[in-house]
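Asker: PDB, N, CA and C atoms, pLDDT in the B column, file protein.pdb:
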```pdb
MODEL        1
ATOM      1  N   MET A   1     -59.930 -20.588 116.546  1.00 66.00           N
ATOM      2  CA  MET A   1     -59.877 -21.865 115.876  1.00 66.00           C
ATOM      3  C   MET A   1     -59.146 -21.686 114.547  1.00 66.00           C
ATOM      4  N   ALA A   2     -58.196 -22.546 114.297  1.00 78.00           N
ATOM      5  CA  ALA A   2     -57.415 -22.469 113.065  1.00 78.00           C
ATOM      6  C   ALA A   2     -58.210 -23.056 111.899  1.00 78.00           C
ATOM      7  N   SER A   3     -57.973 -22.508 110.727  1.00 82.00           N
ATOM      8  CA  SER A   3     -58.612 -23.029 109.518  1.00 82.00           C
ATOM      9  C   SER A   3     -57.987 -24.370 109.156  1.00 82.00           C
ATOM     10  N   PRO A   4     -58.781 -25.263 108.570  1.00 89.00           N
ATOM     11  CA  PRO A   4     -58.197 -26.539 108.140  1.00 89.00           C
ATOM     12  C   PRO A   4     -57.297 -26.327 106.928  1.00 89.00           C
ATOM     13  N   THR A   5     -56.391 -27.261 106.727  1.00 89.00           N
ATOM     14  CA  THR A   5     -55.582 -27.226 105.511  1.00 89.00           C
ATOM     15  C   THR A   5     -56.453 -27.726 104.362  1.00 89.00           C
ATOM     16  N   PRO A   6     -56.064 -27.466 103.123  1.00 91.00           N
ATOM     17  CA  PRO A   6     -56.838 -28.009 102.001  1.00 91.00           C
ATOM     18  C   PRO A   6     -56.954 -29.532 102.064  1.00 91.00           C
ATOM     19  N   ALA A   7     -55.898 -30.229 102.491  1.00 92.00           N
ATOM     20  CA  ALA A   7     -55.950 -31.688 102.585  1.00 92.00           C
ATOM     21  C   ALA A   7     -56.957 -32.134 103.647  1.00 92.00           C
ATOM     22  N   GLN A   8     -56.988 -31.443 104.777  1.00 93.00           N
ATOM     23  CA  GLN A   8     -57.962 -31.771 105.822  1.00 93.00           C
ATOM     24  C   GLN A   8     -59.381 -31.525 105.326  1.00 93.00           C
ATOM     25  N   PHE A   9     -59.579 -30.433 104.599  1.00 94.00           N
ATOM     26  CA  PHE A   9     -60.898 -30.113 104.072  1.00 94.00           C
ATOM     27  C   PHE A   9     -61.376 -31.207 103.113  1.00 94.00           C
ATOM     28  N   ARG A  10     -60.472 -31.643 102.215  1.00 94.00           N
ATOM     29  CA  ARG A  10     -60.827 -32.708 101.268  1.00 94.00           C
ATOM     30  C   ARG A  10     -61.146 -34.006 101.999  1.00 94.00           C
ATOM     31  N   ALA A  11     -60.389 -34.317 103.053  1.00 95.00           N
ATOM     32  CA  ALA A  11     -60.627 -35.551 103.811  1.00 95.00           C
ATOM     33  C   ALA A  11     -62.002 -35.544 104.461  1.00 95.00           C
ATOM     34  N   VAL A  12     -62.416 -34.407 104.951  1.00 94.00           N
ATOM     35  CA  VAL A  12     -63.716 -34.312 105.629  1.00 94.00           C
ATOM     36  C   VAL A  12     -64.867 -34.273 104.621  1.00 94.00           C
ATOM     37  N   HIS A  13     -64.682 -33.584 103.490  1.00 94.00           N
ATOM     38  CA  HIS A  13     -65.774 -33.367 102.535  1.00 94.00           C
ATOM     39  C   HIS A  13     -65.857 -34.422 101.430  1.00 94.00           C
ATOM     40  N   GLY A  14     -64.907 -35.330 101.385  1.00 93.00           N
ATOM     41  CA  GLY A  14     -65.005 -36.449 100.447  1.00 93.00           C
ATOM     42  C   GLY A  14     -64.756 -36.082  99.001  1.00 93.00           C
ATOM     43  N   ASP A  15     -65.353 -36.876  98.117  1.00 92.00           N
ATOM     44  CA  ASP A  15     -65.151 -36.777  96.666  1.00 92.00           C
ATOM     45  C   ASP A  15     -65.570 -35.404  96.147  1.00 92.00           C
ATOM     46  N   MET A  16     -64.666 -34.751  95.401  1.00 92.00           N
ATOM     47  CA  MET A  16     -64.951 -33.415  94.864  1.00 92.00           C
ATOM     48  C   MET A  16     -66.114 -33.442  93.874  1.00 92.00           C
ATOM     49  N   GLY A  17     -66.406 -34.585  93.297  1.00 94.00           N
ATOM     50  CA  GLY A  17     -67.519 -34.702  92.366  1.00 94.00           C
ATOM     51  C   GLY A  17     -68.870 -34.490  93.027  1.00 94.00           C
ATOM     52  N   ARG A  18     -68.902 -34.546  94.341  1.00 94.00           N
ATOM     53  CA  ARG A  18     -70.164 -34.352  95.085  1.00 94.00           C
ATOM     54  C   ARG A  18     -70.220 -33.029  95.832  1.00 94.00           C
ATOM     55  N   TRP A  19     -69.215 -32.211  95.643  1.00 95.00           N
ATOM     56  CA  TRP A  19     -69.202 -30.931  96.333  1.00 95.00           C
ATOM     57  C   TRP A  19     -70.233 -29.981  95.743  1.00 95.00           C
ATOM     58  N   GLN A  20     -70.685 -29.058  96.599  1.00 95.00           N
ATOM     59  CA  GLN A  20     -71.556 -27.980  96.157  1.00 95.00           C
ATOM     60  C   GLN A  20     -70.680 -26.750  95.888  1.00 95.00           C
ATOM     61  N   ALA A  21     -71.280 -25.726  95.312  1.00 95.00           N
ATOM     62  CA  ALA A  21     -70.531 -24.519  94.955  1.00 95.00           C
ATOM     63  C   ALA A  21     -69.858 -23.903  96.177  1.00 95.00           C
ATOM     64  N   VAL A  22     -70.523 -23.900  97.313  1.00 95.00           N
ATOM     65  CA  VAL A  22     -69.941 -23.302  98.521  1.00 95.00           C
ATOM     66  C   VAL A  22     -68.700 -24.078  98.963  1.00 95.00           C
ATOM     67  N   ASP A  23     -68.683 -25.404  98.772  1.00 94.00           N
ATOM     68  CA  ASP A  23     -67.505 -26.191  99.126  1.00 94.00           C
ATOM     69  C   ASP A  23     -66.304 -25.779  98.286  1.00 94.00           C
ATOM     70  N   PHE A  24     -66.536 -25.565  96.989  1.00 94.00           N
ATOM     71  CA  PHE A  24     -65.444 -25.130  96.117  1.00 94.00           C
ATOM     72  C   PHE A  24     -64.952 -23.734  96.508  1.00 94.00           C
ATOM     73  N   ASP A  25     -65.870 -22.853  96.883  1.00 94.00           N
ATOM     74  CA  ASP A  25     -65.476 -21.499  97.307  1.00 94.00           C
ATOM     75  C   ASP A  25     -64.593 -21.552  98.548  1.00 94.00           C
ATOM     76  N   VAL A  26     -64.994 -22.339  99.537  1.00 94.00           N
ATOM     77  CA  VAL A  26     -64.212 -22.459 100.770  1.00 94.00           C
ATOM     78  C   VAL A  26     -62.850 -23.065 100.463  1.00 94.00           C
ATOM     79  N   TYR A  27     -62.843 -24.131  99.671  1.00 94.00           N
ATOM     80  CA  TYR A  27     -61.590 -24.801  99.328  1.00 94.00           C
ATOM     81  C   TYR A  27     -60.640 -23.843  98.602  1.00 94.00           C
ATOM     82  N   GLU A  28     -61.180 -23.054  97.682  1.00 92.00           N
ATOM     83  CA  GLU A  28     -60.366 -22.100  96.937  1.00 92.00           C
ATOM     84  C   GLU A  28     -59.676 -21.117  97.884  1.00 92.00           C
ATOM     85  N   HIS A  29     -60.413 -20.618  98.875  1.00 91.00           N
ATOM     86  CA  HIS A  29     -59.827 -19.677  99.824  1.00 91.00           C
ATOM     87  C   HIS A  29     -58.762 -20.354 100.688  1.00 91.00           C
ATOM     88  N   LEU A  30     -58.976 -21.599 101.054  1.00 91.00           N
ATOM     89  CA  LEU A  30     -57.971 -22.315 101.839  1.00 91.00           C
ATOM     90  C   LEU A  30     -56.670 -22.470 101.051  1.00 91.00           C
ATOM     91  N   VAL A  31     -56.802 -22.792  99.767  1.00 90.00           N
ATOM     92  CA  VAL A  31     -55.607 -22.953  98.926  1.00 90.00           C
ATOM     93  C   VAL A  31     -54.902 -21.613  98.751  1.00 90.00           C
ATOM     94  N   GLU A  32     -55.658 -20.556  98.482  1.00 87.00           N
ATOM     95  CA  GLU A  32     -55.059 -19.233  98.289  1.00 87.00           C
ATOM     96  C   GLU A  32     -54.330 -18.774  99.550  1.00 87.00           C
ATOM     97  N   ASN A  33     -54.905 -19.034 100.717  1.00 84.00           N
ATOM     98  CA  ASN A  33     -54.305 -18.574 101.965  1.00 84.00           C
ATOM     99  C   ASN A  33     -53.007 -19.299 102.291  1.00 84.00           C
ATOM    100  N   GLN A  34     -52.780 -20.467 101.697  1.00 81.00           N
ATOM    101  CA  GLN A  34     -51.521 -21.165 101.909  1.00 81.00           C
ATOM    102  C   GLN A  34     -50.368 -20.449 101.238  1.00 81.00           C
ATOM    103  N   TYR A  35     -50.655 -19.688 100.198  1.00 77.00           N
ATOM    104  CA  TYR A  35     -49.602 -19.102  99.382  1.00 77.00           C
ATOM    105  C   TYR A  35     -49.546 -17.587  99.480  1.00 77.00           C
ATOM    106  N   VAL A  36     -49.985 -17.017 100.598  1.00 69.00           N
ATOM    107  CA  VAL A  36     -49.899 -15.578 100.799  1.00 69.00           C
ATOM    108  C   VAL A  36     -48.437 -15.238 101.054  1.00 69.00           C
ATOM    109  N   VAL A  37     -47.897 -14.330 100.274  1.00 70.00           N
ATOM    110  CA  VAL A  37     -46.507 -13.922 100.420  1.00 70.00           C
ATOM    111  C   VAL A  37     -46.487 -12.529 101.018  1.00 70.00           C
ATOM    112  N   ARG A  38     -45.826 -12.406 102.129  1.00 67.00           N
ATOM    113  CA  ARG A  38     -45.699 -11.106 102.773  1.00 67.00           C
ATOM    114  C   ARG A  38     -44.322 -10.536 102.434  1.00 67.00           C
ATOM    115  N   PRO A  39     -44.245  -9.238 102.121  1.00 72.00           N
ATOM    116  CA  PRO A  39     -42.954  -8.667 101.730  1.00 72.00           C
ATOM    117  C   PRO A  39     -41.947  -8.620 102.879  1.00 72.00           C
ATOM    118  N   TRP A  40     -42.386  -8.633 104.098  1.00 72.00           N
ATOM    119  CA  TRP A  40     -41.492  -8.629 105.248  1.00 72.00           C
ATOM    120  C   TRP A  40     -42.267  -9.168 106.438  1.00 72.00           C
ATOM    121  N   PRO A  41     -41.589  -9.669 107.460  1.00 75.00           N
ATOM    122  CA  PRO A  41     -42.316 -10.183 108.632  1.00 75.00           C
ATOM    123  C   PRO A  41     -42.963  -9.041 109.405  1.00 75.00           C
ATOM    124  N   ARG A  42     -44.070  -9.337 109.989  1.00 77.00           N
ATOM    125  CA  ARG A  42     -44.746  -8.329 110.813  1.00 77.00           C
ATOM    126  C   ARG A  42     -43.980  -8.155 112.115  1.00 77.00           C
ATOM    127  N   PRO A  43     -43.840  -6.916 112.582  1.00 79.00           N
ATOM    128  CA  PRO A  43     -43.126  -6.716 113.847  1.00 79.00           C
ATOM    129  C   PRO A  43     -43.952  -7.238 115.026  1.00 79.00           C
ATOM    130  N   GLU A  44     -43.251  -7.733 116.004  1.00 84.00           N
ATOM    131  CA  GLU A  44     -43.881  -8.191 117.239  1.00 84.00           C
ATOM    132  C   GLU A  44     -43.961  -7.013 118.199  1.00 84.00           C
ATOM    133  N   PRO A  45     -44.907  -7.042 119.136  1.00 87.00           N
ATOM    134  CA  PRO A  45     -44.954  -5.964 120.131  1.00 87.00           C
ATOM    135  C   PRO A  45     -43.617  -5.881 120.873  1.00 87.00           C
ATOM    136  N   GLY A  46     -43.111  -4.690 121.005  1.00 87.00           N
ATOM    137  CA  GLY A  46     -41.850  -4.473 121.701  1.00 87.00           C
ATOM    138  C   GLY A  46     -40.634  -4.496 120.797  1.00 87.00           C
ATOM    139  N   ASP A  47     -40.799  -4.852 119.525  1.00 86.00           N
ATOM    140  CA  ASP A  47     -39.679  -4.827 118.590  1.00 86.00           C
ATOM    141  C   ASP A  47     -39.267  -3.378 118.343  1.00 86.00           C
ATOM    142  N   PRO A  48     -37.957  -3.142 118.152  1.00 85.00           N
ATOM    143  CA  PRO A  48     -37.547  -1.767 117.853  1.00 85.00           C
ATOM    144  C   PRO A  48     -38.034  -1.373 116.461  1.00 85.00           C
ATOM    145  N   PRO A  49     -38.228  -0.080 116.225  1.00 80.00           N
ATOM    146  CA  PRO A  49     -38.666   0.353 114.887  1.00 80.00           C
ATOM    147  C   PRO A  49     -37.576   0.060 113.863  1.00 80.00           C
ATOM    148  N   PRO A  50     -37.956  -0.106 112.608  1.00 73.00           N
ATOM    149  CA  PRO A  50     -36.945  -0.368 111.578  1.00 73.00           C
ATOM    150  C   PRO A  50     -36.047   0.859 111.401  1.00 73.00           C
ATOM    151  N   PRO A  51     -34.812   0.650 110.947  1.00 72.00           N
ATOM    152  CA  PRO A  51     -33.923   1.803 110.763  1.00 72.00           C
ATOM    153  C   PRO A  51     -34.435   2.714 109.654  1.00 72.00           C
ATOM    154  N   ARG A  52     -34.203   3.996 109.830  1.00 69.00           N
ATOM    155  CA  ARG A  52     -34.619   4.960 108.809  1.00 69.00           C
ATOM    156  C   ARG A  52     -33.628   4.908 107.666  1.00 69.00           C
ATOM    157  N   ARG A  53     -34.149   5.044 106.473  1.00 67.00           N
ATOM    158  CA  ARG A  53     -33.281   5.065 105.296  1.00 67.00           C
ATOM    159  C   ARG A  53     -33.050   6.512 104.895  1.00 67.00           C
ATOM    160  N   GLY A  54     -31.804   6.850 104.684  1.00 68.00           N
ATOM    161  CA  GLY A  54     -31.458   8.216 104.308  1.00 68.00           C
ATOM    162  C   GLY A  54     -31.478   8.389 102.800  1.00 68.00           C
ATOM    163  N   ALA A  55     -31.043   9.538 102.376  1.00 67.00           N
ATOM    164  CA  ALA A  55     -30.991   9.852 100.952  1.00 67.00           C
ATOM    165  C   ALA A  55     -29.929   9.000 100.268  1.00 67.00           C
ATOM    166  N   ASP A  56     -30.165   8.684  99.008  1.00 66.00           N
ATOM    167  CA  ASP A  56     -29.202   7.937  98.197  1.00 66.00           C
ATOM    168  C   ASP A  56     -28.050   8.879  97.857  1.00 66.00           C
ATOM    169  N   PRO A  57     -26.805   8.524  98.259  1.00 66.00           N
ATOM    170  CA  PRO A  57     -25.692   9.437  97.991  1.00 66.00           C
ATOM    171  C   PRO A  57     -25.444   9.670  96.501  1.00 66.00           C
ATOM    172  N   ALA A  58     -25.783   8.708  95.660  1.00 69.00           N
ATOM    173  CA  ALA A  58     -25.541   8.855  94.224  1.00 69.00           C
ATOM    174  C   ALA A  58     -26.484   9.862  93.582  1.00 69.00           C
ATOM    175  N   THR A  59     -27.728   9.893  94.060  1.00 68.00           N
ATOM    176  CA  THR A  59     -28.717  10.768  93.421  1.00 68.00           C
ATOM    177  C   THR A  59     -29.136  11.931  94.297  1.00 68.00           C
ATOM    178  N   GLY A  60     -28.946  11.794  95.624  1.00 65.00           N
ATOM    179  CA  GLY A  60     -29.405  12.820  96.535  1.00 65.00           C
ATOM    180  C   GLY A  60     -30.899  12.746  96.806  1.00 65.00           C
ATOM    181  N   LEU A  61     -31.559  11.747  96.224  1.00 68.00           N
ATOM    182  CA  LEU A  61     -32.992  11.607  96.421  1.00 68.00           C
ATOM    183  C   LEU A  61     -33.265  10.824  97.689  1.00 68.00           C
ATOM    184  N   GLY A  62     -34.387  11.121  98.310  1.00 65.00           N
ATOM    185  CA  GLY A  62     -34.782  10.429  99.521  1.00 65.00           C
ATOM    186  C   GLY A  62     -35.274   9.022  99.230  1.00 65.00           C
ATOM    187  N   PRO A  63     -35.574   8.284 100.277  1.00 63.00           N
ATOM    188  CA  PRO A  63     -36.060   6.923 100.099  1.00 63.00           C
ATOM    189  C   PRO A  63     -37.436   6.914  99.445  1.00 63.00           C
ATOM    190  N   PRO A  64     -37.793   5.828  98.773  1.00 61.00           N
ATOM    191  CA  PRO A  64     -39.130   5.741  98.169  1.00 61.00           C
ATOM    192  C   PRO A  64     -40.188   5.686  99.263  1.00 61.00           C
ATOM    193  N   PRO A  65     -41.380   6.164  99.003  1.00 61.00           N
ATOM    194  CA  PRO A  65     -42.437   6.107 100.016  1.00 61.00           C
ATOM    195  C   PRO A  65     -42.800   4.665 100.318  1.00 61.00           C
ATOM    196  N   ASP A  66     -43.176   4.425 101.559  1.00 56.00           N
ATOM    197  CA  ASP A  66     -43.578   3.067 101.982  1.00 56.00           C
ATOM    198  C   ASP A  66     -44.976   2.762 101.540  1.00 56.00           C
TER     199      ASP A  66
ENDMDL
END
```
The structure in this file should be written as structure tokens.

Answerer:
Amino acid sequence: MASPTPAQFRAVHGDMGRWQAVDFDVYEHLVENQYVVRPWPRPEPGDPPPPRRGADPATGLGPPPD
């Protein structure tokens, strides 16, 4: 089951002036989860592995650790 959007949650729970502490906690998590930024997309099953990065020719140093 998918989580409701913050707007759906507000529509179901009514006026925020009547919310209890648990309602605010749930709402806060819904809002935070809308803005999760991932540095790269997650690979799908069967996707090829990402290319390996070699040493930097300018410095001779290897790639930074992941």

Asker: In Å, rounded to a single decimal, give me how far CA of His29 (chain A) is from CA of Pro6 (chain A).

Answerer: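 A separation of 9.1 Å between them.
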
Asker: As a VMD selection string, please: all residues of region 4-53 of chain A that backbone DSSP puts in helix (DSSP H, G or I).

Answerer: chain A and resid 6 to 13 16 to 18 21 to 34

Asker: How would the residues just picked look written out with N, CA and C atoms as an mmCIF file, in the coordinates of the input?

Answerer:
```cif
data_model
loop_
_atom_site.group_PDB
_atom_site.id
_atom_site.type_symbol
_atom_site.label_atom_id
_atom_site.label_comp_id
_atom_site.auth_asym_id
_atom_site.auth_seq_id
_atom_site.Cartn_x
_atom_site.Cartn_y
_atom_site.Cartn_z
ATOM 1 N N PRO A 6 -56.064 -27.466 103.123
ATOM 2 C CA PRO A 6 -56.838 -28.009 102.001
ATOM 3 C C PRO A 6 -56.954 -29.532 102.064
ATOM 4 N N ALA A 7 -55.898 -30.229 102.491
ATOM 5 C CA ALA A 7 -55.950 -31.688 102.585
ATOM 6 C C ALA A 7 -56.957 -32.134 103.647
ATOM 7 N N GLN A 8 -56.988 -31.443 104.777
ATOM 8 C CA GLN A 8 -57.962 -31.771 105.822
ATOM 9 C C GLN A 8 -59.381 -31.525 105.326
ATOM 10 N N PHE A 9 -59.579 -30.433 104.599
ATOM 11 C CA PHE A 9 -60.898 -30.113 104.072
ATOM 12 C C PHE A 9 -61.376 -31.207 103.113
ATOM 13 N N ARG A 10 -60.472 -31.643 102.215
ATOM 14 C CA ARG A 10 -60.827 -32.708 101.268
ATOM 15 C C ARG A 10 -61.146 -34.006 101.999
ATOM 16 N N ALA A 11 -60.389 -34.317 103.053
ATOM 17 C CA ALA A 11 -60.627 -35.551 103.811
ATOM 18 C C ALA A 11 -62.002 -35.544 104.461
ATOM 19 N N VAL A 12 -62.416 -34.407 104.951
ATOM 20 C CA VAL A 12 -63.716 -34.312 105.629
ATOM 21 C C VAL A 12 -64.867 -34.273 104.621
ATOM 22 N N HIS A 13 -64.682 -33.584 103.490
ATOM 23 C CA HIS A 13 -65.774 -33.367 102.535
ATOM 24 C C HIS A 13 -65.857 -34.422 101.430
ATOM 25 N N MET A 16 -64.666 -34.751 95.401
ATOM 26 C CA MET A 16 -64.951 -33.415 94.864
ATOM 27 C C MET A 16 -66.114 -33.442 93.874
ATOM 28 N N GLY A 17 -66.406 -34.585 93.297
ATOM 29 C CA GLY A 17 -67.519 -34.702 92.366
ATOM 30 C C GLY A 17 -68.870 -34.490 93.027
ATOM 31 N N ARG A 18 -68.902 -34.546 94.341
ATOM 32 C CA ARG A 18 -70.164 -34.352 95.085
ATOM 33 C C ARG A 18 -70.220 -33.029 95.832
ATOM 34 N N ALA A 21 -71.280 -25.726 95.312
ATOM 35 C CA ALA A 21 -70.531 -24.519 94.955
ATOM 36 C C ALA A 21 -69.858 -23.903 96.177
ATOM 37 N N VAL A 22 -70.523 -23.900 97.313
ATOM 38 C CA VAL A 22 -69.941 -23.302 98.521
ATOM 39 C C VAL A 22 -68.700 -24.078 98.963
ATOM 40 N N ASP A 23 -68.683 -25.404 98.772
ATOM 41 C CA ASP A 23 -67.505 -26.191 99.126
ATOM 42 C C ASP A 23 -66.304 -25.779 98.286
ATOM 43 N N PHE A 24 -66.536 -25.565 96.989
ATOM 44 C CA PHE A 24 -65.444 -25.130 96.117
ATOM 45 C C PHE A 24 -64.952 -23.734 96.508
ATOM 46 N N ASP A 25 -65.870 -22.853 96.883
ATOM 47 C CA ASP A 25 -65.476 -21.499 97.307
ATOM 48 C C ASP A 25 -64.593 -21.552 98.548
ATOM 49 N N VAL A 26 -64.994 -22.339 99.537
ATOM 50 C CA VAL A 26 -64.212 -22.459 100.770
ATOM 51 C C VAL A 26 -62.850 -23.065 100.463
ATOM 52 N N TYR A 27 -62.843 -24.131 99.671
ATOM 53 C CA TYR A 27 -61.590 -24.801 99.328
ATOM 54 C C TYR A 27 -60.640 -23.843 98.602
ATOM 55 N N GLU A 28 -61.180 -23.054 97.682
ATOM 56 C CA GLU A 28 -60.366 -22.100 96.937
ATOM 57 C C GLU A 28 -59.676 -21.117 97.884
ATOM 58 N N HIS A 29 -60.413 -20.618 98.875
ATOM 59 C CA HIS A 29 -59.827 -19.677 99.824
ATOM 60 C C HIS A 29 -58.762 -20.354 100.688
ATOM 61 N N LEU A 30 -58.976 -21.599 101.054
ATOM 62 C CA LEU A 30 -57.971 -22.315 101.839
ATOM 63 C C LEU A 30 -56.670 -22.470 101.051
ATOM 64 N N VAL A 31 -56.802 -22.792 99.767
ATOM 65 C CA VAL A 31 -55.607 -22.953 98.926
ATOM 66 C C VAL A 31 -54.902 -21.613 98.751
ATOM 67 N N GLU A 32 -55.658 -20.556 98.482
ATOM 68 C CA GLU A 32 -55.059 -19.233 98.289
ATOM 69 C C GLU A 32 -54.330 -18.774 99.550
ATOM 70 N N ASN A 33 -54.905 -19.034 100.717
ATOM 71 C CA ASN A 33 -54.305 -18.574 101.965
ATOM 72 C C ASN A 33 -53.007 -19.299 102.291
ATOM 73 N N GLN A 34 -52.780 -20.467 101.697
ATOM 74 C CA GLN A 34 -51.521 -21.165 101.909
ATOM 75 C C GLN A 34 -50.368 -20.449 101.238
#
```

Asker: Quick check, in Å to one decimal: how far apart do CA of Gln34 (chain A) and atom N of Ala11 (chain A) lie?

Answerer: 15.9 Å

Asker: Could you put an axis-aligned box around every listed atom of region 31-40 of chain A, padded by 3 Å on each side, and send me its centre and edge lengths in Å to one decimal, as AutoDock Vina command-line options?

Answerer:
```
--center_x -49.1 --center_y -15.8 --center_z 102.4 --size_x 21.3 --size_y 20.3 --size_z 14.1
```

Asker: In Å, with one decimal, what is the gap from CA of Ser3 (chain A) to CA of Asn33 (chain A)?

Answerer: 9.8 Å

Asker: Could you check which of A:Glu28, A:Val37, A:Pro43, A:Gly17 is closest to Thr5 (chain A), using only C-alpha atoms?

Answerer: A:Glu28

Asker: Do a neighbour search on Tyr27 (chain A) at 10 Å with only C-alpha atoms, toss out local chain neighbours closer than 5 positions, and write the hits as JSON, numbers by chain.

Answerer: {"A": [4, 5, 6, 7, 9, 10, 21, 22, 32, 33]}
